[in-house]
$ cat my_file.cif   # mmCIF, C-alpha atoms and all ligand atoms
data_run
#
loop_
_atom_site.label_atom_id
_atom_site.label_comp_id
_atom_site.auth_asym_id
_atom_site.auth_seq_id
_atom_site.Cartn_x
_atom_site.Cartn_y
_atom_site.Cartn_z
CA MET A 1 86.07 169.31 76.85
CA LYS A 2 85.21 165.91 78.34
CA ILE A 3 86.62 165.46 81.83
CA GLY A 4 86.64 162.21 83.79
CA ILE A 5 86.69 162.27 87.58
CA TYR A 6 88.01 159.11 89.19
CA GLY A 7 87.51 159.01 92.94
CA GLY A 8 88.74 156.32 95.30
CA THR A 9 90.87 155.79 98.37
CA PHE A 10 93.74 154.57 96.18
CA ASN A 11 95.11 152.61 99.11
CA PRO A 12 97.26 151.83 97.16
CA PRO A 13 96.62 152.82 93.52
CA HIS A 14 97.08 149.55 91.58
CA LEU A 15 96.95 148.14 88.06
CA GLY A 16 93.19 147.55 88.35
CA HIS A 17 92.76 151.31 88.69
CA MET A 18 95.25 152.04 85.95
CA THR A 19 93.79 149.69 83.32
CA SER A 20 90.26 150.91 84.00
CA ALA A 21 91.42 154.53 83.85
CA ARG A 22 93.13 153.98 80.53
CA LEU A 23 90.15 152.14 79.05
CA ALA A 24 87.64 154.68 80.34
CA MET A 25 89.63 157.44 78.68
CA GLU A 26 89.49 155.63 75.37
CA MET A 27 85.89 154.45 75.57
CA LEU A 28 84.45 157.78 76.73
CA GLY A 29 86.84 159.82 74.58
CA LEU A 30 87.97 161.86 77.58
CA ASP A 31 90.25 164.85 77.07
CA ARG A 32 91.30 164.83 80.72
CA LEU A 33 91.18 162.48 83.66
CA LEU A 34 91.39 163.65 87.25
CA PHE A 35 92.21 161.19 90.02
CA VAL A 36 90.63 162.28 93.29
CA PRO A 37 91.98 160.45 96.36
CA ALA A 38 89.31 160.32 99.03
CA ALA A 39 89.87 161.09 102.68
CA ILE A 40 89.74 158.06 104.94
CA PRO A 41 87.60 158.96 107.95
CA PRO A 42 89.86 159.48 110.99
CA HIS A 43 87.67 157.20 113.15
CA LYS A 44 88.60 154.19 111.00
CA ALA A 45 91.23 152.25 112.91
CA LEU A 46 94.23 152.10 110.61
CA PRO A 47 96.71 149.22 110.86
CA GLU A 48 100.39 149.87 111.40
CA GLY A 49 102.25 150.93 108.26
CA SER A 50 99.14 152.58 106.81
CA PRO A 51 100.00 155.43 104.50
CA SER A 52 99.28 159.00 105.54
CA PRO A 53 97.04 161.08 103.24
CA GLU A 54 100.27 162.62 101.91
CA ASP A 55 101.61 159.17 101.00
CA ARG A 56 98.36 158.16 99.28
CA LEU A 57 98.48 161.43 97.35
CA ALA A 58 102.12 160.86 96.38
CA MET A 59 101.38 157.29 95.26
CA THR A 60 98.41 158.48 93.20
CA VAL A 61 100.57 161.14 91.55
CA ILE A 62 103.19 158.50 90.70
CA ALA A 63 100.51 156.11 89.38
CA ALA A 64 98.88 158.83 87.26
CA ASP A 65 102.28 159.84 85.85
CA SER A 66 102.96 156.20 84.97
CA LEU A 67 100.14 156.34 82.39
CA LEU A 68 102.45 158.59 80.33
CA LEU A 69 99.51 160.70 79.17
CA ARG A 70 101.20 163.95 80.21
CA ASP A 71 98.80 166.86 80.60
CA LYS A 72 95.72 164.71 80.02
CA VAL A 73 95.96 163.22 83.50
CA ALA A 74 96.20 164.95 86.86
CA VAL A 75 95.57 164.32 90.55
CA ASP A 76 93.35 166.65 92.58
CA ASP A 77 93.69 166.64 96.35
CA LEU A 78 90.53 168.64 97.06
CA GLU A 79 88.92 165.86 99.14
CA LEU A 80 92.08 165.44 101.21
CA ARG A 81 92.18 169.18 101.88
CA ARG A 82 88.52 169.38 102.83
CA GLU A 83 87.55 169.42 106.51
CA GLY A 84 85.16 166.76 107.74
CA LYS A 85 83.28 164.19 105.71
CA SER A 86 83.49 164.39 101.93
CA PHE A 87 80.32 163.98 99.91
CA THR A 88 80.66 163.21 96.22
CA VAL A 89 78.08 165.87 95.50
CA ASP A 90 80.34 168.54 97.07
CA THR A 91 83.27 167.37 94.98
CA LEU A 92 81.22 167.48 91.79
CA ARG A 93 79.86 170.93 92.67
CA GLN A 94 83.44 172.15 93.01
CA PHE A 95 84.47 170.66 89.68
CA ARG A 96 81.36 172.09 88.03
CA GLU A 97 82.39 175.53 89.27
CA GLU A 98 85.96 175.05 88.13
CA TYR A 99 84.97 173.74 84.68
CA PRO A 100 81.65 175.49 83.93
CA GLY A 101 81.46 174.74 80.21
CA ASP A 102 82.81 171.21 80.22
CA GLU A 103 81.25 167.76 80.18
CA LEU A 104 81.94 165.91 83.44
CA TRP A 105 81.97 162.13 83.84
CA PHE A 106 82.17 160.51 87.24
CA LEU A 107 83.87 157.10 87.07
CA MET A 108 82.83 154.44 89.54
CA GLY A 109 83.05 150.75 90.33
CA SER A 110 80.01 148.52 89.80
CA ASP A 111 79.11 148.37 93.51
CA MET A 112 78.90 152.16 93.62
CA LEU A 113 76.31 152.22 90.86
CA PHE A 114 74.05 149.98 92.95
CA SER A 115 74.50 151.97 96.15
CA LEU A 116 74.19 155.42 94.57
CA PRO A 117 70.50 155.88 95.48
CA GLU A 118 71.55 155.81 99.15
CA TRP A 119 74.19 158.50 98.74
CA HIS A 120 73.75 162.11 99.76
CA LEU A 121 71.71 163.97 97.06
CA PRO A 122 71.86 161.38 94.24
CA GLU A 123 69.67 163.45 91.96
CA GLU A 124 72.01 166.42 92.12
CA ILE A 125 75.00 164.12 91.51
CA CYS A 126 73.32 162.94 88.32
CA ALA A 127 72.62 166.50 87.25
CA LEU A 128 76.23 167.54 87.78
CA ALA A 129 77.97 164.72 85.91
CA GLY A 130 77.46 161.70 83.72
CA LEU A 131 78.10 158.38 85.42
CA ALA A 132 80.47 155.83 83.94
CA ALA A 133 80.40 152.54 85.83
CA PHE A 134 82.95 149.78 85.30
CA ALA A 135 81.49 146.34 84.71
CA ARG A 136 83.40 143.12 85.04
CA SER A 137 82.77 141.27 81.82
CA GLU A 138 82.06 137.85 83.33
CA GLY A 139 78.70 136.60 84.64
CA ASP A 140 75.46 138.55 84.55
CA GLU A 141 76.96 141.69 86.00
CA PRO A 142 76.78 143.81 82.84
CA GLU A 143 73.08 142.97 82.46
CA ARG A 144 72.28 143.73 86.09
CA MET A 145 74.13 147.01 85.73
CA GLU A 146 72.21 147.93 82.60
CA VAL A 147 68.98 147.39 84.54
CA GLN A 148 70.26 149.61 87.35
CA ALA A 149 71.40 152.23 84.82
CA GLU A 150 67.94 152.31 83.25
CA ARG A 151 66.38 152.82 86.68
CA MET A 152 68.70 155.78 87.35
CA ARG A 153 67.83 157.34 84.01
CA ALA A 154 64.14 157.07 84.84
CA ASP A 155 64.42 158.19 88.49
CA TYR A 156 67.05 160.92 88.23
CA GLY A 157 67.37 161.74 84.54
CA ALA A 158 70.90 160.43 84.85
CA ARG A 159 73.33 160.04 81.98
CA VAL A 160 74.79 156.59 82.65
CA THR A 161 77.25 154.51 80.66
CA VAL A 162 78.17 150.99 81.64
CA LEU A 163 81.76 150.38 80.57
CA ARG A 164 82.50 146.75 79.86
CA LEU A 165 86.19 146.38 80.46
CA PRO A 166 87.45 143.50 78.38
CA GLU A 167 90.80 143.01 80.08
CA VAL A 168 90.18 144.51 83.46
CA VAL A 169 92.79 143.48 85.99
CA GLU A 170 90.91 142.28 89.04
CA VAL A 171 92.73 143.49 92.13
CA SER A 172 91.42 143.49 95.67
CA SER A 173 93.06 146.29 97.64
CA THR A 174 92.49 144.48 100.93
CA ARG A 175 94.21 141.37 99.67
CA LEU A 176 96.98 143.38 98.04
CA ARG A 177 97.76 145.15 101.32
CA ALA A 178 98.04 141.80 103.08
CA GLN A 179 100.29 140.46 100.31
CA LEU A 180 102.58 143.50 100.53
CA ALA A 181 103.10 142.90 104.23
CA GLY A 182 104.23 139.38 103.33
CA GLY A 183 106.71 140.65 100.72
CA GLU A 184 104.46 139.90 97.72
CA GLY A 185 102.02 141.67 95.41
CA ALA A 186 104.43 143.76 93.30
CA GLU A 187 102.88 142.38 90.10
CA PHE A 188 99.62 144.24 90.84
CA LEU A 189 101.26 147.65 91.03
CA PRO A 190 102.97 150.05 88.66
CA PRO A 191 106.67 149.40 89.53
CA SER A 192 107.16 153.02 90.54
CA VAL A 193 104.30 152.81 93.05
CA TYR A 194 105.81 149.64 94.48
CA GLY A 195 109.17 151.42 94.75
CA TYR A 196 107.57 154.26 96.70
CA ILE A 197 105.96 151.75 99.07
CA LEU A 198 109.35 150.08 99.67
CA ARG A 199 111.19 153.35 100.19
CA MET A 200 108.63 154.58 102.71
CA GLY A 201 108.13 151.17 104.33
CA LEU A 202 104.36 151.32 103.80
CA TYR A 203 101.92 148.46 104.42
CA GLY A 204 104.38 146.73 106.73
CA THR A 205 106.91 146.05 103.96
CA HIS A 206 109.96 146.77 106.15
CA LYS A 207 112.49 145.95 103.41
CA ASP A 208 116.10 146.76 104.16
CA LEU A 209 116.93 149.19 101.35
CA ARG A 210 120.58 148.12 101.58
CA HIS A 211 119.79 144.57 100.55
CA LEU A 212 117.20 144.81 97.78
CA THR A 213 116.83 142.42 94.86
CA ASP A 214 117.38 143.84 91.37
CA ALA A 215 113.62 144.14 90.84
CA GLU A 216 113.13 145.99 94.14
CA LEU A 217 116.06 148.30 93.46
CA ARG A 218 114.68 149.03 89.98
CA ALA A 219 111.26 149.83 91.45
CA CYS A 220 112.85 152.22 93.96
CA SER A 221 114.84 154.01 91.29
CA LEU A 222 111.82 154.36 88.98
CA SER A 223 109.75 155.74 91.88
CA MET A 224 112.21 158.63 92.25
CA VAL A 225 111.92 159.99 88.70
CA TYR A 226 109.18 161.05 86.28
CA ALA A 227 107.82 158.19 84.18
CA LYS A 228 109.09 159.79 80.97
CA ARG A 229 112.61 158.77 82.11
CA HIS A 230 111.73 155.15 82.88
CA ALA A 231 112.46 153.85 79.39
CA HIS A 232 115.87 155.53 79.45
CA ILE A 233 116.79 153.99 82.81
CA LEU A 234 115.71 150.52 81.68
CA GLY A 235 117.59 151.09 78.44
CA VAL A 236 120.80 151.99 80.27
CA GLU A 237 120.44 148.92 82.49
CA GLU A 238 120.02 146.67 79.46
CA GLU A 239 122.83 148.25 77.46
CA ALA A 240 125.21 148.26 80.45
CA VAL A 241 124.67 144.53 80.99
CA ARG A 242 125.30 143.87 77.30
CA LEU A 243 128.49 145.93 77.31
CA ALA A 244 129.68 144.24 80.50
CA ARG A 245 129.21 140.85 78.87
CA ARG A 246 131.08 141.99 75.77
CA TRP A 247 134.03 143.42 77.70
CA GLY A 248 134.21 140.92 80.54
CA ALA A 249 133.06 143.27 83.28
CA ASP A 250 130.79 142.24 86.17
CA GLU A 251 127.26 142.16 84.73
CA GLU A 252 125.53 142.51 88.08
CA LEU A 253 127.52 145.63 88.99
CA ALA A 254 126.79 147.08 85.55
CA ARG A 255 123.09 146.32 85.96
CA ARG A 256 122.81 148.01 89.34
CA ALA A 257 124.82 151.05 88.27
CA GLY A 258 122.51 151.37 85.26
CA ILE A 259 119.40 151.04 87.41
CA LEU A 260 120.48 153.77 89.83
CA HIS A 261 122.50 156.12 87.62
CA ASP A 262 119.80 158.81 87.17
CA CYS A 263 117.73 158.27 90.34
CA THR A 264 118.24 161.86 91.56
CA LYS A 265 117.82 163.43 88.11
CA TYR A 266 114.70 165.42 89.00
CA LEU A 267 115.65 166.74 92.41
CA GLU A 268 115.73 170.53 92.61
CA LEU A 269 119.05 172.38 92.99
CA GLU A 270 118.32 172.95 96.67
CA GLN A 271 117.76 169.24 97.38
CA GLN A 272 120.85 168.32 95.34
CA LEU A 273 122.96 170.74 97.35
CA GLN A 274 121.51 169.43 100.58
CA ILE A 275 122.50 165.84 99.73
CA CYS A 276 126.00 167.02 98.77
CA ASP A 277 126.23 168.81 102.08
CA GLU A 278 124.94 165.85 104.06
CA TYR A 279 127.40 163.39 102.53
CA GLY A 280 130.38 165.72 102.31
CA ILE A 281 130.54 166.01 98.53
CA VAL A 282 132.80 168.96 97.73
CA LEU A 283 131.68 170.95 94.68
CA ASP A 284 133.64 173.26 92.42
CA ASP A 285 132.30 176.60 91.14
CA LEU A 286 130.77 175.19 87.95
CA GLU A 287 129.05 172.35 89.77
CA ARG A 288 127.52 174.69 92.32
CA ILE A 289 125.59 176.49 89.57
CA SER A 290 124.93 173.63 87.10
CA VAL A 291 122.17 171.47 88.51
CA LYS A 292 122.65 169.05 85.59
CA LEU A 293 126.11 168.15 86.88
CA LEU A 294 124.90 167.31 90.38
CA HIS A 295 122.65 164.29 89.84
CA SER A 296 125.60 161.98 89.18
CA LYS A 297 127.20 162.98 92.52
CA THR A 298 123.99 162.78 94.52
CA GLY A 299 122.96 159.56 92.76
CA ALA A 300 126.28 158.04 93.81
CA ALA A 301 125.76 159.22 97.39
CA LEU A 302 122.33 157.59 97.62
CA ALA A 303 123.62 154.43 95.94
CA ARG A 304 126.19 154.17 98.71
CA HIS A 305 124.41 155.46 101.80
CA LEU A 306 120.77 154.61 101.12
CA TYR A 307 121.03 151.51 98.92
CA GLY A 308 124.31 150.14 100.31
CA GLN A 309 125.92 149.55 96.93
CA PRO A 310 129.61 148.70 96.53
CA GLU A 311 132.25 151.27 95.68
CA GLU A 312 132.61 150.34 91.97
CA ILE A 313 128.92 151.04 91.35
CA CYS A 314 129.03 154.34 93.20
CA GLN A 315 132.09 155.48 91.27
CA ALA A 316 130.49 154.57 87.93
CA ILE A 317 127.42 156.62 88.84
CA PHE A 318 129.55 159.48 90.19
CA TRP A 319 131.42 159.89 86.87
CA HIS A 320 128.61 159.09 84.42
CA THR A 321 127.86 162.68 83.36
CA THR A 322 131.32 164.15 82.83
CA GLY A 323 133.68 161.20 82.75
CA LYS A 324 137.23 161.79 84.05
CA ALA A 325 140.86 160.98 83.32
CA ASP A 326 141.77 157.28 83.53
CA MET A 327 138.33 155.71 83.91
CA THR A 328 137.71 152.12 85.03
CA ARG A 329 136.04 149.67 82.68
CA LEU A 330 132.73 149.87 84.54
CA GLU A 331 132.85 153.69 84.50
CA LYS A 332 133.34 153.65 80.73
CA ILE A 333 130.50 151.17 80.31
CA ILE A 334 128.01 153.27 82.26
CA TYR A 335 129.10 156.49 80.53
CA LEU A 336 128.63 154.89 77.11
CA ALA A 337 125.44 152.96 77.93
CA ASP A 338 123.97 156.28 79.07
CA TYR A 339 125.02 157.83 75.78
CA MET A 340 123.74 155.26 73.30
CA GLU A 341 121.13 153.01 75.02
CA PRO A 342 118.39 151.83 72.61
CA ASN A 343 116.10 154.84 73.21
CA ARG A 344 118.73 157.42 72.29
CA ASP A 345 118.41 158.88 68.82
CA PHE A 346 120.78 161.46 67.36
CA PRO A 347 122.96 161.72 64.25
CA GLY A 348 125.88 159.33 64.69
CA VAL A 349 124.30 157.14 67.36
CA GLU A 350 124.50 154.01 65.19
CA GLU A 351 128.18 154.54 64.54
CA LEU A 352 128.80 155.07 68.25
CA ARG A 353 126.85 151.90 69.13
CA LYS A 354 128.93 149.86 66.72
CA LEU A 355 132.17 151.29 68.02
CA CYS A 356 131.17 150.50 71.62
CA TYR A 357 131.34 146.80 70.79
CA GLU A 358 134.56 147.05 68.77
CA ASP A 359 136.79 149.39 70.74
CA LEU A 360 135.61 150.74 74.09
CA ASP A 361 138.21 153.52 74.32
CA ALA A 362 137.62 154.67 70.75
CA ALA A 363 133.90 154.82 71.54
CA LEU A 364 134.59 156.75 74.74
CA GLN A 365 136.68 159.23 72.79
CA MET A 366 133.93 159.64 70.22
CA GLY A 367 131.31 160.14 72.95
CA LEU A 368 133.40 162.75 74.72
CA GLU A 369 134.18 164.60 71.49
CA MET A 370 130.52 164.70 70.47
CA SER A 371 129.50 165.79 73.95
CA ILE A 372 132.08 168.61 74.08
CA GLU A 373 131.13 169.73 70.60
CA GLU A 374 127.46 169.89 71.57
CA LEU A 375 128.11 171.75 74.82
CA ARG A 376 130.23 174.26 72.87
CA GLU A 377 127.46 174.83 70.35
CA ARG A 378 125.02 175.47 73.17
CA GLY A 379 127.47 177.84 74.82
CA VAL A 380 127.66 175.70 77.97
CA PRO A 381 130.99 175.71 79.85
CA ILE A 382 132.89 172.41 79.58
CA HIS A 383 133.60 170.87 82.95
CA ARG A 384 137.30 170.21 83.61
CA ASN A 385 136.59 166.50 84.14
CA THR A 386 134.89 166.19 80.74
CA GLN A 387 137.92 167.81 79.10
CA GLY A 388 140.21 165.81 81.37
CA ALA A 389 138.64 162.55 80.22
CA LEU A 390 139.25 163.38 76.59
CA ASP A 391 142.77 164.73 77.14
CA TRP A 392 143.72 161.56 79.01
CA LEU A 393 142.51 159.38 76.14
CA LEU A 394 144.27 161.49 73.52
CA GLU A 395 147.51 161.09 75.43
CA HIS A 396 147.25 157.42 76.36
CA ARG A 397 145.15 155.67 73.75
CA LYS A 398 147.58 155.24 70.92
CA GLY A 399 150.71 155.72 73.01
O1 LIG B 401 121.22 162.22 82.83
P1 LIG B 401 121.17 162.01 81.35
O2 LIG B 401 120.31 163.02 80.67
O3 LIG B 401 120.83 160.63 80.96
O4 LIG B 401 122.67 162.27 80.80
P2 LIG B 401 123.90 162.92 81.58
O5 LIG B 401 124.03 162.37 82.94
O6 LIG B 401 125.09 162.79 80.68
O7 LIG B 401 123.52 164.44 81.73
C1 LIG B 401 123.49 165.25 80.59
C2 LIG B 401 123.50 166.70 81.02
O8 LIG B 401 124.72 167.02 81.66
C3 LIG B 401 123.36 167.62 79.83
O9 LIG B 401 122.31 168.57 80.14
C4 LIG B 401 124.64 168.35 79.73
C5 LIG B 401 125.25 168.20 81.10
N1 LIG B 401 126.70 168.10 80.99
C6 LIG B 401 127.41 167.02 80.63
N2 LIG B 401 128.74 167.31 80.58
C7 LIG B 401 128.85 168.61 80.93
C8 LIG B 401 127.56 169.11 81.19
N3 LIG B 401 127.33 170.39 81.58
C9 LIG B 401 128.40 171.20 81.70
N4 LIG B 401 128.21 172.46 82.09
N5 LIG B 401 129.68 170.80 81.43
C10 LIG B 401 129.96 169.51 81.06
O10 LIG B 401 131.13 169.19 80.84
FE FE B 402 122.55 161.21 84.05
FE FE B 403 121.06 158.80 82.03
#

$ encode --input "my_file.cif" --output "structure tokens"
Amino acid sequence: MKIGIYGGTFNPPHLGHMTSARLAMEMLGLDRLLFVPAAIPPHKALPEGSPSPEDRLAMTVIAADSLLLRDKVAVDDLELRREGKSFTVDTLRQFREEYPGDELWFLMGSDMLFSLPEWHLPEEICALAGLAAFARSEGDEPERMEVQAERMRADYGARVTVLRLPEVVEVSSTRLRAQLAGGEGAEFLPPSVYGYILRMGLYGTHKDLRHLTDAELRACSLSMVYAKRHAHILGVEEEAVRLARRWGADEELARRAGILHDCTKYLELEQQLQICDEYGIVLDDLERISVKLLHSKTGAALARHLYGQPEEICQAIFWHTTGKADMTRLEKIIYLADYMEPNRDFPGVEELRKLCYEDLDAALQMGLEMSIEELRERGVPIHRNTQGALDWLLEHRKG
């Protein structure tokens, strides 16, 4: 197996890191890539709003997940856990021990290739792993790096590859941190990393979470869930806006409800119950044991208390999983957008999509019937509100 090791302070992890990581994986044919956030020496004076090692780790995990390469990518916190100064050679020794039969590649920026001879035990570093150095494609840098690479081969018997990144996104972390403090710089970050920064108030962002723009709210929501759900959330937002336009509902409310509807989807049962407790959400017996039914309640609670959203949005989120008797137009829109947004694919989805734009209540009935049918097949108990939503429609729709 070919394993890439990408060290850095990742303060913060940005699109420059992500594009080079992706390209290095392709160009070297890596089977795995490990991000290794480095410890920042405690004697470095850190400005206010600087992330803790835990925050840098969390941001790196979010950034790595955003590559959507599943098990091929991971984050290793061994340097953050280590006491005292971290030498690259120690890190590579540990990886060598952990992966004895595998081919290791240490990824580095161009400046690191030039300074490597001054590092601790460069010869051993070169024996432990191949070196892959990123070159900016402009100027004479690739040539100068090739010269340096040749020298390292001769001096240390190193395996060195200079990776010319065609579309590398040039990002200066120092500049980015300054931009973030001034409310800018989001375009250089994976949205979910930016959302984490806003939620934690890192780098002096100090945004009031109760008054975010749509883009900031979207970033926050995406930062709370695994990247595999991002397309769905964006799909629900898009579909909800379209349905709102079709049926004369408030598009902005629909958009924000769509953005936030699944933000607590991946919280564990314990965290879900804690939020319910904190905000006085009373649960029935089925809800207490079905974690899947809780994210709509807890999502609504955070929409209200953390993100300061109006009541209509919170209600639409609250009812999006089960539905209920006598739903508002916005509640129906979010329920249906969740069901048939463009990424959903199941038998009958096309018919449901069409119906959503012809007759909202007929579509709601169809959605509820399909949902109940599927739950029955899986032997899952139907919640009384799901049944209640359908019963209400059956009684009132044609009457
Ligand atoms: O969050 P999404 O996956 O986008 O969709 P959702 O909010 O509709 O959640 C779907 C899950 O909720 C699915 O695992 C089934 C569960 N669910 C929906 N209605 C009921 C239900 N579970 C029970 N026990 N009873 C219901 O009536
Ligand atoms: Fe949901
Ligand atoms: Fe959803």

$ closest_atom_pairs --input "my_file.cif" --of "chain A" --to "ligand LIG 401 (chain B)" --cutoff "7 Å" --atoms "all atoms listed in the file" --output "JSON lines"
{"residue": "A:Asp262", "atom": "CA", "partner": "B:LIG401", "partner_atom": "O1", "distance": 5.7}
{"residue": "A:Lys265", "atom": "CA", "partner": "B:LIG401", "partner_atom": "O1", "distance": 6.4}
{"residue": "A:Leu286", "atom": "CA", "partner": "B:LIG401", "partner_atom": "N4", "distance": 7.0}
{"residue": "A:Ser290", "atom": "CA", "partner": "B:LIG401", "partner_atom": "N4", "distance": 6.1}
{"residue": "A:Lys292", "atom": "CA", "partner": "B:LIG401", "partner_atom": "O8", "distance": 4.9}
{"residue": "A:Leu293", "atom": "CA", "partner": "B:LIG401", "partner_atom": "O8", "distance": 5.5}
{"residue": "A:Ser296", "atom": "CA", "partner": "B:LIG401", "partner_atom": "O5", "distance": 6.4}
{"residue": "A:His320", "atom": "CA", "partner": "B:LIG401", "partner_atom": "O5", "distance": 5.8}
{"residue": "A:Thr321", "atom": "CA", "partner": "B:LIG401", "partner_atom": "O6", "distance": 3.9}
{"residue": "A:Thr322", "atom": "CA", "partner": "B:LIG401", "partner_atom": "N2", "distance": 4.7}
{"residue": "A:Asp338", "atom": "CA", "partner": "B:LIG401", "partner_atom": "O3", "distance": 5.7}
{"residue": "A:Tyr339", "atom": "CA", "partner": "B:LIG401", "partner_atom": "O6", "distance": 7.0}
{"residue": "A:Ser371", "atom": "CA", "partner": "B:LIG401", "partner_atom": "N2", "distance": 6.8}
{"residue": "A:Ile372", "atom": "CA", "partner": "B:LIG401", "partner_atom": "O10", "distance": 6.9}
{"residue": "A:Leu375", "atom": "CA", "partner": "B:LIG401", "partner_atom": "N5", "distance": 6.9}
{"residue": "A:Val380", "atom": "CA", "partner": "B:LIG401", "partner_atom": "N4", "distance": 5.3}
{"residue": "A:Pro381", "atom": "CA", "partner": "B:LIG401", "partner_atom": "N4", "distance": 4.8}
{"residue": "A:Ile382", "atom": "CA", "partner": "B:LIG401", "partner_atom": "O10", "distance": 3.9}
{"residue": "A:His383", "atom": "CA", "partner": "B:LIG401", "partner_atom": "O10", "distance": 3.7}
{"residue": "A:Arg384", "atom": "CA", "partner": "B:LIG401", "partner_atom": "O10", "distance": 6.8}
{"residue": "A:Asn385", "atom": "CA", "partner": "B:LIG401", "partner_atom": "O10", "distance": 6.9}
{"residue": "A:Thr386", "atom": "CA", "partner": "B:LIG401", "partner_atom": "O10", "distance": 4.8}

$ residues_near_ligand --input "my_file.cif" --ligand "ligand FE 402 (chain B)" --cutoff "12 Å" --atoms "all atoms listed in the file" --output "ChimeraX atom specification"
/A:225,229,232-233,236,257-266,291-300,316-323,334-339

$ closest_residue --input "my_file.cif" --among "A:Gly130, A:Gly139, A:Pro37, A:Gly4" --to "A:Arg22" --atoms "all atoms listed in the file"
A:Gly4

$ closest_residue --input "my_file.cif" --among "A:Val147, A:Ala74, A:Ala231, A:Ile40" --to "ligand FE 403 (chain B)" --atoms "only C-alpha atoms and all ligand atoms"
A:Ala231

$ residues_near_point --input "my_file.cif" --point "(84.1, 155.7, 85.5)" --cutoff "6 Å" --atoms "only C-alpha atoms" --output "PyMOL selection string"
chain A and resi 106-108+132-133

$ write_last_selection --input "my_file.cif" --atoms "C-alpha atoms" --output "PDB file, in the coordinates of the input"
ATOM      1  CA  PHE A 106      82.170 160.510  87.240  1.00  0.00           C
ATOM      2  CA  LEU A 107      83.870 157.100  87.070  1.00  0.00           C
ATOM      3  CA  MET A 108      82.830 154.440  89.540  1.00  0.00           C
ATOM      4  CA  ALA A 132      80.470 155.830  83.940  1.00  0.00           C
ATOM      5  CA  ALA A 133      80.400 152.540  85.830  1.00  0.00           C
TER       6      ALA A 133
END

$ closest_residue --input "my_file.cif" --among "A:Glu251, A:Asp391, A:Glu239, A:Asp326" --to "ligand FE 403 (chain B)" --atoms "all atoms listed in the file"
A:Glu239

$ closest_residue --input "my_file.cif" --among "A:Val171, A:Leu283, A:Ala303, A:Ala254" --to "A:Arg329" --atoms "only C-alpha atoms"
A:Ala254

$ closest_residue --input "my_file.cif" --among "A:Met25, A:Ala363, A:Leu368, A:Leu15" --to "A:Ser173" --atoms "only C-alpha atoms"
A:Leu15

$ closest_residue --input "my_file.cif" --among "A:Ala64, A:Leu394, A:Ala21, A:Leu212" --to "A:Leu306" --atoms "only C-alpha atoms"
A:Leu212

$ atom_distance --input "my_file.cif" --atom1 "atom CA of A:Thr9" --atom2 "atom CA of A:Lys85"
13.5 Å

$ residues_around --input "my_file.cif" --residues "A:Ala127" --least-positions-apart "6" --cutoff "9 Å" --atoms "only C-alpha atoms" --output "MDAnalysis selection string"
chainID A and resid 156:159

$ residues_around --input "my_file.cif" --residues "A:Glu124" --least-positions-apart "6" --cutoff "12 Å" --atoms "only C-alpha atoms" --output "list of chain:residue names"
A:Phe87, A:Thr88, A:Val89, A:Asp90, A:Thr91, A:Leu92, A:Arg93, A:Arg96, A:Leu116, A:Pro117, A:Gly130, A:Asp155, A:Tyr156, A:Gly157, A:Ala158

$ atom_distance --input "my_file.cif" --atom1 "atom CA of A:Val162" --atom2 "atom CA of A:Phe134"
6.1 Å

$ decode --input "my_file.cif" --residues "stretch 118-124 of chain A" --atoms "N, CA, C and O atoms" --output "compact mmCIF listing (two decimals), in the first residue's frame"
# COMPACT_ATOMS: atom_id res chain seq x y z
N GLU A 118 18.83 20.88 6.93
CA GLU A 118 19.07 21.42 8.28
C GLU A 118 18.18 20.76 9.33
O GLU A 118 18.29 21.07 10.51
N TRP A 119 17.29 19.88 8.92
CA TRP A 119 16.41 19.23 9.89
C TRP A 119 17.19 18.21 10.70
O TRP A 119 18.30 17.83 10.34
N HIS A 120 16.53 17.72 11.76
CA HIS A 120 17.10 16.67 12.58
C HIS A 120 17.11 15.36 11.78
O HIS A 120 16.08 14.92 11.29
N LEU A 121 18.31 14.76 11.63
CA LEU A 121 18.49 13.45 10.97
C LEU A 121 17.87 13.34 9.56
O LEU A 121 17.05 12.45 9.31
N PRO A 122 18.28 14.21 8.64
CA PRO A 122 17.70 14.17 7.29
C PRO A 122 17.92 12.84 6.57
O PRO A 122 17.04 12.38 5.83
N GLU A 123 19.04 12.24 6.82
CA GLU A 123 19.33 10.98 6.12
C GLU A 123 18.35 9.89 6.52
O GLU A 123 17.86 9.12 5.69
N GLU A 124 18.06 9.85 7.82
CA GLU A 124 17.11 8.83 8.28
C GLU A 124 15.70 9.13 7.75
O GLU A 124 14.97 8.21 7.38
